[in-house]
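For reference, model_4.cif is printed below; it contains mmCIF, C-alpha atoms.
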data_target
#
loop_
_atom_site.label_atom_id
_atom_site.label_comp_id
_atom_site.auth_asym_id
_atom_site.auth_seq_id
_atom_site.Cartn_x
_atom_site.Cartn_y
_atom_site.Cartn_z
CA PHE A 1 62.82 -40.67 42.87
CA ASN A 2 60.94 -38.03 40.93
CA VAL A 3 63.42 -37.01 38.21
CA SER A 4 62.84 -34.02 35.93
CA ASN A 5 64.77 -32.73 32.96
CA PRO A 6 64.37 -28.94 32.43
CA ALA A 7 65.98 -29.15 28.97
CA THR A 8 63.16 -31.30 27.54
CA GLY A 9 60.37 -30.64 30.07
CA ALA A 10 60.05 -34.38 30.73
CA GLN A 11 59.48 -35.93 34.14
CA LYS A 12 59.62 -39.53 35.33
CA CYS A 13 59.23 -41.44 38.59
CA LEU A 14 61.83 -44.11 39.39
CA GLU A 15 61.48 -46.67 42.17
CA ILE A 16 64.74 -47.84 43.76
CA ASP A 17 64.70 -50.30 46.66
CA ASP A 18 68.43 -50.97 46.94
CA GLU A 19 69.54 -49.62 50.31
CA ARG A 20 73.15 -49.29 49.18
CA LYS A 21 72.14 -46.89 46.41
CA LEU A 22 69.83 -44.93 48.71
CA ARG A 23 72.53 -44.60 51.36
CA GLU A 24 74.51 -42.31 49.04
CA PHE A 25 71.76 -39.68 49.32
CA TYR A 26 71.56 -39.72 53.11
CA ASP A 27 72.83 -36.62 54.97
CA LYS A 28 72.69 -34.65 51.72
CA ARG A 29 70.89 -31.33 51.77
CA MET A 30 68.57 -29.61 49.32
CA ASN A 31 70.32 -27.93 46.35
CA GLN A 32 73.31 -30.24 46.74
CA GLU A 33 74.50 -32.10 43.65
CA VAL A 34 74.84 -35.89 43.53
CA VAL A 35 76.74 -37.95 40.96
CA GLY A 36 74.39 -40.31 39.12
CA ASP A 37 76.91 -43.16 38.98
CA VAL A 38 75.72 -44.36 42.40
CA LEU A 39 72.33 -45.30 40.92
CA GLY A 40 73.66 -47.60 38.23
CA ASP A 41 75.50 -47.80 34.94
CA GLU A 42 72.61 -46.27 32.97
CA PHE A 43 73.06 -43.04 34.96
CA LYS A 44 76.80 -42.82 34.33
CA GLY A 45 77.97 -39.25 33.79
CA TYR A 46 74.73 -37.70 35.04
CA ILE A 47 74.68 -35.10 37.80
CA PHE A 48 71.48 -34.57 39.79
CA LYS A 49 70.49 -31.74 42.11
CA ILE A 50 68.19 -32.40 45.08
CA SER A 51 65.26 -29.99 44.81
CA GLY A 52 63.00 -31.32 47.55
CA GLY A 53 60.96 -34.28 48.69
CA ASN A 54 58.23 -35.64 50.94
CA ASP A 55 58.29 -37.99 53.90
CA LYS A 56 56.09 -41.04 54.38
CA GLN A 57 53.21 -38.97 55.76
CA GLY A 58 53.37 -36.44 52.89
CA PHE A 59 55.02 -33.53 54.73
CA PRO A 60 57.35 -31.57 52.38
CA MET A 61 61.01 -30.74 52.91
CA LYS A 62 61.69 -27.07 53.60
CA GLN A 63 64.88 -25.27 52.68
CA GLY A 64 66.76 -23.74 55.61
CA VAL A 65 65.51 -26.16 58.28
CA MET A 66 68.79 -27.85 59.22
CA THR A 67 67.48 -31.13 60.60
CA THR A 68 66.36 -34.55 59.45
CA LYS A 69 63.29 -34.53 61.69
CA ARG A 70 59.88 -32.99 61.38
CA VAL A 71 59.29 -29.59 63.00
CA ARG A 72 56.36 -27.21 63.40
CA LEU A 73 56.98 -23.69 62.14
CA LEU A 74 54.89 -20.52 62.17
CA LEU A 75 54.61 -19.64 58.47
CA ARG A 76 53.33 -16.51 56.79
CA LYS A 77 52.74 -15.20 53.27
CA GLY A 78 55.73 -15.77 51.03
CA SER A 79 57.01 -18.80 52.93
CA SER A 80 57.46 -22.08 51.11
CA CYS A 81 55.20 -25.01 52.05
CA TYR A 82 52.37 -22.58 52.87
CA ARG A 83 49.61 -20.78 50.95
CA GLN A 84 47.86 -17.88 52.60
CA ARG A 85 44.05 -18.07 52.73
CA ARG A 86 43.27 -14.76 54.44
CA LYS A 87 45.10 -11.44 54.46
CA GLY A 88 47.66 -11.26 57.26
CA GLU A 89 47.12 -14.86 58.26
CA ARG A 90 49.90 -16.92 59.84
CA LYS A 91 49.72 -20.62 60.52
CA ARG A 92 51.82 -23.21 62.33
CA LYS A 93 52.50 -26.15 60.02
CA SER A 94 54.59 -29.32 60.14
CA VAL A 95 57.48 -29.52 57.67
CA ARG A 96 60.40 -31.88 57.18
CA GLY A 97 63.99 -30.63 57.44
CA CYS A 98 66.15 -30.08 54.36
CA ILE A 99 68.53 -32.98 55.16
CA VAL A 100 67.77 -36.32 53.46
CA SER A 101 67.22 -39.28 55.77
CA GLY A 102 65.58 -42.69 55.72
CA ASP A 103 62.19 -41.14 56.47
CA ILE A 104 61.97 -39.56 53.03
CA GLN A 105 59.54 -41.40 50.78
CA VAL A 106 59.87 -39.33 47.58
CA LEU A 107 62.97 -37.36 46.58
CA ASN A 108 62.84 -34.78 43.79
CA LEU A 109 65.89 -34.68 41.52
CA VAL A 110 66.73 -32.31 38.66
CA ILE A 111 69.16 -33.24 35.89
CA VAL A 112 71.98 -30.69 35.94
CA LYS A 113 74.32 -32.46 33.51
CA LYS A 114 73.45 -35.07 30.89
CA GLY A 115 75.49 -38.26 30.93
CA GLU A 116 76.72 -40.59 28.25
CA GLY A 117 73.53 -42.48 27.42
CA ASP A 118 69.88 -41.49 27.07
CA LEU A 119 67.29 -42.17 29.73
CA PRO A 120 64.00 -43.37 28.23
CA GLY A 121 61.22 -40.94 28.99
CA LEU A 122 63.59 -38.19 30.17
CA THR A 123 66.18 -37.28 27.56
CA ASP A 124 64.79 -38.91 24.42
CA THR A 125 61.41 -37.11 24.48
CA ASN A 126 60.59 -33.44 24.23
CA VAL A 127 57.45 -32.17 25.97
CA PRO A 128 56.23 -28.89 24.41
CA ARG A 129 55.47 -25.98 26.70
CA ARG A 130 51.76 -25.49 27.22
CA LEU A 131 52.07 -21.79 28.03
CA GLY A 132 54.51 -19.23 26.68
CA PRO A 133 55.90 -16.10 28.31
CA LYS A 134 53.59 -13.15 28.98
CA ARG A 135 56.04 -10.42 29.95
CA ALA A 136 57.27 -8.26 27.08
CA THR A 137 60.96 -8.49 27.99
CA ARG A 138 60.80 -12.28 28.22
CA ILE A 139 59.07 -12.56 24.82
CA ARG A 140 61.86 -10.44 23.32
CA LYS A 141 64.48 -12.60 25.00
CA LEU A 142 62.89 -15.85 23.77
CA PHE A 143 62.64 -14.75 20.13
CA ALA A 144 65.70 -12.40 20.10
CA LEU A 145 63.61 -9.32 19.21
CA ASP A 146 64.31 -5.60 19.37
CA LYS A 147 62.30 -2.97 21.19
CA GLY A 148 60.71 -1.76 17.96
CA ASP A 149 59.32 -5.17 16.95
CA ASN A 150 55.63 -5.94 17.26
CA LEU A 151 55.11 -8.61 19.95
CA GLU A 152 51.50 -9.47 19.11
CA GLN A 153 52.48 -12.02 16.46
CA TYR A 154 55.00 -13.72 18.76
CA ARG A 155 52.54 -14.70 21.47
CA VAL A 156 52.38 -18.44 22.11
CA LYS A 157 48.81 -19.37 21.17
CA ARG A 158 46.96 -22.57 21.92
CA GLU A 159 43.80 -24.06 20.50
CA ILE A 160 41.01 -25.21 22.81
CA ALA A 161 38.74 -27.86 21.32
CA ARG A 162 35.35 -28.48 22.94
CA GLU A 163 32.91 -31.19 22.07
CA GLY A 164 30.11 -29.91 19.87
CA LYS A 165 31.57 -26.39 19.70
CA LYS A 166 33.86 -24.52 17.37
CA PRO A 167 37.52 -24.60 18.54
CA THR A 168 38.81 -21.35 19.98
CA ILE A 169 42.32 -19.92 20.14
CA LYS A 170 43.63 -18.38 23.35
CA ALA A 171 46.66 -16.13 23.63
CA PRO A 172 48.10 -14.39 26.68
CA LYS A 173 47.82 -10.66 27.25
CA ILE A 174 51.26 -9.07 27.02
CA GLN A 175 52.31 -7.59 30.35
CA ARG A 176 54.58 -4.55 30.91
CA LEU A 177 54.26 -3.51 27.28
CA VAL A 178 55.26 0.13 26.71
CA THR A 179 52.70 1.63 24.31
CA PRO A 180 51.99 5.26 23.25
CA GLU A 181 48.91 5.19 25.48
CA ARG A 182 51.03 4.09 28.43
CA LEU A 183 53.55 6.88 27.77
CA GLN A 184 50.75 9.45 27.50
CA ARG A 185 49.23 8.21 30.77
CA LYS A 186 52.64 8.44 32.43
CA ARG A 187 53.14 12.01 31.19
CA ALA A 188 49.67 12.96 32.43
CA LEU A 189 50.38 11.52 35.88
CA LYS A 190 53.70 13.35 36.02
CA ALA A 191 52.10 16.64 34.97
CA ASN A 192 49.32 16.17 37.53
CA LYS A 193 51.90 15.56 40.24
CA ARG A 194 53.85 18.67 39.18
CA ASP A 195 50.69 20.80 39.20
CA ARG A 196 49.76 19.53 42.66
CA GLY A 197 53.23 20.44 43.93
CA GLN A 198 52.97 23.98 42.53
CA GLU A 199 49.49 24.39 44.00
CA ASP A 200 50.78 23.22 47.39
CA LYS A 201 53.58 25.79 47.22
CA LEU A 202 51.09 28.58 46.45
CA GLN A 203 48.79 27.51 49.26
CA LYS A 204 51.73 27.33 51.67
CA ALA A 205 52.89 30.83 50.68
CA ALA A 206 49.35 32.18 51.17
CA TYR A 207 49.16 30.47 54.56
CA VAL A 208 52.50 31.94 55.69
CA LYS A 209 51.41 35.41 54.53
CA LEU A 210 48.05 35.15 56.33
CA LYS A 211 49.73 33.85 59.47
CA ALA A 212 52.17 36.79 59.49
CA LEU A 213 49.24 39.20 59.04
CA ARG A 214 47.32 37.64 61.92
CA VAL A 215 50.41 37.80 64.18
CA LYS A 216 50.91 41.47 63.27
CA GLN A 217 47.26 42.26 63.98
CA ALA A 218 47.45 40.46 67.34
CA LYS A 219 50.57 42.49 68.28
CA GLU A 220 48.83 45.74 67.34
CA ARG A 221 45.77 44.83 69.42
CA ARG A 222 47.93 43.99 72.42
CA ALA A 223 49.89 47.25 72.04
CA GLU A 224 46.64 49.22 71.78
CA GLN A 225 45.22 47.55 74.89
CA ALA A 226 48.47 48.19 76.79
CA SER A 227 48.40 51.90 75.83
CA LYS A 228 44.79 52.15 76.97
CA ARG A 229 45.67 50.61 80.32
CA ARG A 230 48.60 52.99 80.75
CA SER A 231 46.42 56.02 79.98
CA GLN A 232 43.74 54.85 82.41
CA ASN A 233 46.33 54.29 85.16
CA SER A 234 47.82 57.77 84.64
CA ALA A 235 44.35 59.33 84.74
CA THR A 236 43.49 57.63 88.04
CA LYS A 237 46.81 58.69 89.61
CA SER A 238 46.36 62.34 88.56
CA SER A 239 42.83 62.44 90.02
#
Using structure tokens, write down the structure from this file.
Amino acid sequence: FNVSNPATGAQKCLEIDDERKLREFYDKRMNQEVVGDVLGDEFKGYIFKISGGNDKQGFPMKQGVMTTKRVRLLLRKGSSCYRQRRKGERKRKSVRGCIVSGDIQVLNLVIVKKGEGDLPGLTDTNVPRRLGPKRATRIRKLFALDKGDNLEQYRVKREIAREGKKPTIKAPKIQRLVTPERLQRKRALKANKRDRGQEDKLQKAAYVKLKALRVKQAKERRAEQASKRRSQNSATKSS
């Protein structure tokens, strides 16, 4: 079992060989919750959620495949268990169904509810986050900031130490940050779009006017030619 605790960021691998304990997880599906009492007294009160797993050959479980067996699916960009190498590429890959069976070698569990006692390496330790949020709204949510606050000083920075070199500090670039330059660029794009629309209207009006003029001229030419033919026909009849 690969157990993770999102509250502390800790992760630990547990090996359980007792078939009676493993039998409680059989026929369970991904995202289903399991009571931790079946694993032993130290897990009393805990609730785990099945987040995935791998079979003995290393093929991952895929959500939505309602079987315990291994199947071959045609996957594309955005599908789980597949990473696109070329644009528009699709590939047929083997995946394991989302139902737990005896063929599963590693099962991923997430602690949903903490029990009575602590689990060494999972609940008694706190692993700091290596990277902080980059998006402006998420930085404000993490530090409970207002829209007028400066976010530059709230970036999660980290120091990189290299052998024989001076340590450097890296900080993420804030994404989706609304600045005066961004507002000016947005106004310029909007004005450009409005000017293009007005220019299109003027060009369309000029085209309609020119088309009406050409139609009128064509009618006049046809009427003139018809009058000439009528005069010629009358002259031949009179002669």
Q) What does the distance between atom CA of Arg72 of chain A and atom CA of Cys98 of chain A come to in Å, to one decimal place? A)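 Spanning atom CA of Arg72 of chain A to atom CA of Cys98 of chain A is a straight-line distance of 13.6 Å.
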task = Name the residues that the PyMOL selection byres ((chain A and resi 19-22) around 10) pulls out of this structure, and write them as a PyMOL selection string.
result = chain A and resi 16-18+23-26+37-40+101-102
Save out the residues we just selected, C-alpha atoms, as a JSON list (two decimals), keeping the file's coordinate frame.
[["chain", "number", "residue", "atom", "x", "y", "z"],
["A", 16, "ILE", "CA", 64.74, -47.84, 43.76],
["A", 17, "ASP", "CA", 64.70, -50.30, 46.66],
["A", 18, "ASP", "CA", 68.43, -50.97, 46.94],
["A", 23, "ARG", "CA", 72.53, -44.60, 51.36],
["A", 24, "GLU", "CA", 74.51, -42.31, 49.04],
["A", 25, "PHE", "CA", 71.76, -39.68, 49.32],
["A", 26, "TYR", "CA", 71.56, -39.72, 53.11],
["A", 37, "ASP", "CA", 76.91, -43.16, 38.98],
["A", 38, "VAL", "CA", 75.72, -44.36, 42.40],
["A", 39, "LEU", "CA", 72.33, -45.30, 40.92],
["A", 40, "GLY", "CA", 73.66, -47.60, 38.23],
["A", 101, "SER", "CA", 67.22, -39.28, 55.77],
["A", 102, "GLY", "CA", 65.58, -42.69, 55.72]]
Counting all atoms listed in the file, write as a PDB file with C-alpha atoms, in the frame of the given file all protein and nucleic acid residues lying at most 10 Å from (59.2, -12.9, 23.0) in the file's frame.
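Resulting contents of out-v9.pdb:
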ATOM      1  CA  GLY A 132      54.510 -19.230  26.680  1.00  0.00           C
ATOM      2  CA  PRO A 133      55.900 -16.100  28.310  1.00  0.00           C
ATOM      3  CA  LYS A 134      53.590 -13.150  28.980  1.00  0.00           C
ATOM      4  CA  ARG A 135      56.040 -10.420  29.950  1.00  0.00           C
ATOM      5  CA  ALA A 136      57.270  -8.260  27.080  1.00  0.00           C
ATOM      6  CA  THR A 137      60.960  -8.490  27.990  1.00  0.00           C
ATOM      7  CA  ARG A 138      60.800 -12.280  28.220  1.00  0.00           C
ATOM      8  CA  ILE A 139      59.070 -12.560  24.820  1.00  0.00           C
ATOM      9  CA  ARG A 140      61.860 -10.440  23.320  1.00  0.00           C
ATOM     10  CA  LYS A 141      64.480 -12.600  25.000  1.00  0.00           C
ATOM     11  CA  LEU A 142      62.890 -15.850  23.770  1.00  0.00           C
ATOM     12  CA  PHE A 143      62.640 -14.750  20.130  1.00  0.00           C
ATOM     13  CA  ALA A 144      65.700 -12.400  20.100  1.00  0.00           C
ATOM     14  CA  LEU A 145      63.610  -9.320  19.210  1.00  0.00           C
ATOM     15  CA  ASP A 146      64.310  -5.600  19.370  1.00  0.00           C
ATOM     16  CA  ASP A 149      59.320  -5.170  16.950  1.00  0.00           C
ATOM     17  CA  ASN A 150      55.630  -5.940  17.260  1.00  0.00           C
ATOM     18  CA  LEU A 151      55.110  -8.610  19.950  1.00  0.00           C
ATOM     19  CA  GLU A 152      51.500  -9.470  19.110  1.00  0.00           C
ATOM     20  CA  GLN A 153      52.480 -12.020  16.460  1.00  0.00           C
ATOM     21  CA  TYR A 154      55.000 -13.720  18.760  1.00  0.00           C
ATOM     22  CA  ARG A 155      52.540 -14.700  21.470  1.00  0.00           C
ATOM     23  CA  VAL A 156      52.380 -18.440  22.110  1.00  0.00           C
ATOM     24  CA  ILE A 174      51.260  -9.070  27.020  1.00  0.00           C
TER      25      ILE A 174
END
Expand the PyMOL selection byres ((chain A and resi 60-70) around 6) into the individual residues it matches in the shown file, reporting them as a PDB file with C-alpha atoms, in the coordinates of the input.
ATOM      1  CA  GLY A  52      63.000 -31.320  47.550  1.00  0.00           C
ATOM      2  CA  GLY A  53      60.960 -34.280  48.690  1.00  0.00           C
ATOM      3  CA  ASN A  54      58.230 -35.640  50.940  1.00  0.00           C
ATOM      4  CA  PHE A  59      55.020 -33.530  54.730  1.00  0.00           C
ATOM      5  CA  VAL A  71      59.290 -29.590  63.000  1.00  0.00           C
ATOM      6  CA  VAL A  95      57.480 -29.520  57.670  1.00  0.00           C
ATOM      7  CA  ARG A  96      60.400 -31.880  57.180  1.00  0.00           C
ATOM      8  CA  GLY A  97      63.990 -30.630  57.440  1.00  0.00           C
ATOM      9  CA  CYS A  98      66.150 -30.080  54.360  1.00  0.00           C
ATOM     10  CA  ILE A  99      68.530 -32.980  55.160  1.00  0.00           C
TER      11      ILE A  99
END
What is the distance between atom CA of Leu14 of chain A and atom CA of Leu107 of chain A, in Å to one decimal?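 Going from atom CA of Leu14 of chain A over to atom CA of Leu107 of chain A covers 9.9 Å.
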task: Given the file shown, enumerate the residues that the PyMOL selection byres ((chain A and resi 73) around 7) captures and present them as a list of chain:residue names.
output: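 Going through the file, the PyMOL selection byres ((chain A and resi 73) around 7) ends up selecting A:Val71, A:Arg72, A:Leu74, A:Leu75, A:Arg92, A:Lys93, A:Ser94.
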Axis-aligned box for all listed atoms of segment 166-173 of chain A, 8 Å per side, centre and edges in Å to one decimal, as JSON:
{"center_x": 41.0, "center_y": -17.6, "center_z": 22.3, "size_x": 30.2, "size_y": 29.9, "size_z": 25.9}
Please provide the set of residues having any atom within 10 Å of Glu42 of chain A, restricted to all atoms listed in the file, with same-chain residues fewer than 2 positions apart removed, written as a tab-separated table (two decimals) with C-alpha atoms, in the frame of the given file.
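Heads up, here's the output in out-v2.tsv:
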chain	number	residue	atom	x	y	z
A	36	GLY	CA	74.39	-40.31	39.12
A	37	ASP	CA	76.91	-43.16	38.98
A	39	LEU	CA	72.33	-45.30	40.92
A	40	GLY	CA	73.66	-47.60	38.23
A	44	LYS	CA	76.80	-42.82	34.33
A	45	GLY	CA	77.97	-39.25	33.79
A	46	TYR	CA	74.73	-37.70	35.04
A	115	GLY	CA	75.49	-38.26	30.93
A	116	GLU	CA	76.72	-40.59	28.25
A	117	GLY	CA	73.53	-42.48	27.42
A	118	ASP	CA	69.88	-41.49	27.07
A	119	LEU	CA	67.29	-42.17	29.73
* Mind checking which residues fall within 10 Å of Arg76 of chain A, counting all atoms listed in the file, ignoring those fewer than 5 positions away in the same chain, and posting them as JSON, numbers by chain? => {"A": [81, 82, 83, 84, 87, 88, 89, 90, 91, 92]}
Residue contacts of Asp55 of chain A (7 Å, only C-alpha atoms) excluding same-chain residues fewer than 3 positions away, as a PDB file with C-alpha atoms, keeping the file's coordinate frame:
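After the write, selection.pdb holds the following:
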ATOM      1  CA  GLY A  58      53.370 -36.440  52.890  1.00  0.00           C
ATOM      2  CA  PHE A  59      55.020 -33.530  54.730  1.00  0.00           C
ATOM      3  CA  PRO A  60      57.350 -31.570  52.380  1.00  0.00           C
ATOM      4  CA  ASP A 103      62.190 -41.140  56.470  1.00  0.00           C
ATOM      5  CA  ILE A 104      61.970 -39.560  53.030  1.00  0.00           C
ATOM      6  CA  GLN A 105      59.540 -41.400  50.780  1.00  0.00           C
ATOM      7  CA  VAL A 106      59.870 -39.330  47.580  1.00  0.00           C
TER       8      VAL A 106
END
Between atom CA of Gly9 of chain A and atom CA of Pro128 of chain A lies a distance of 7.2 Å
### Query
Which is closest to Pro172 of chain A among A:Lys216, A:Lys147, A:Lys157, A:Arg222, if we use only C-alpha atoms?
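That would be A:Lys157, the residue with the smallest distance to Pro172 of chain A.
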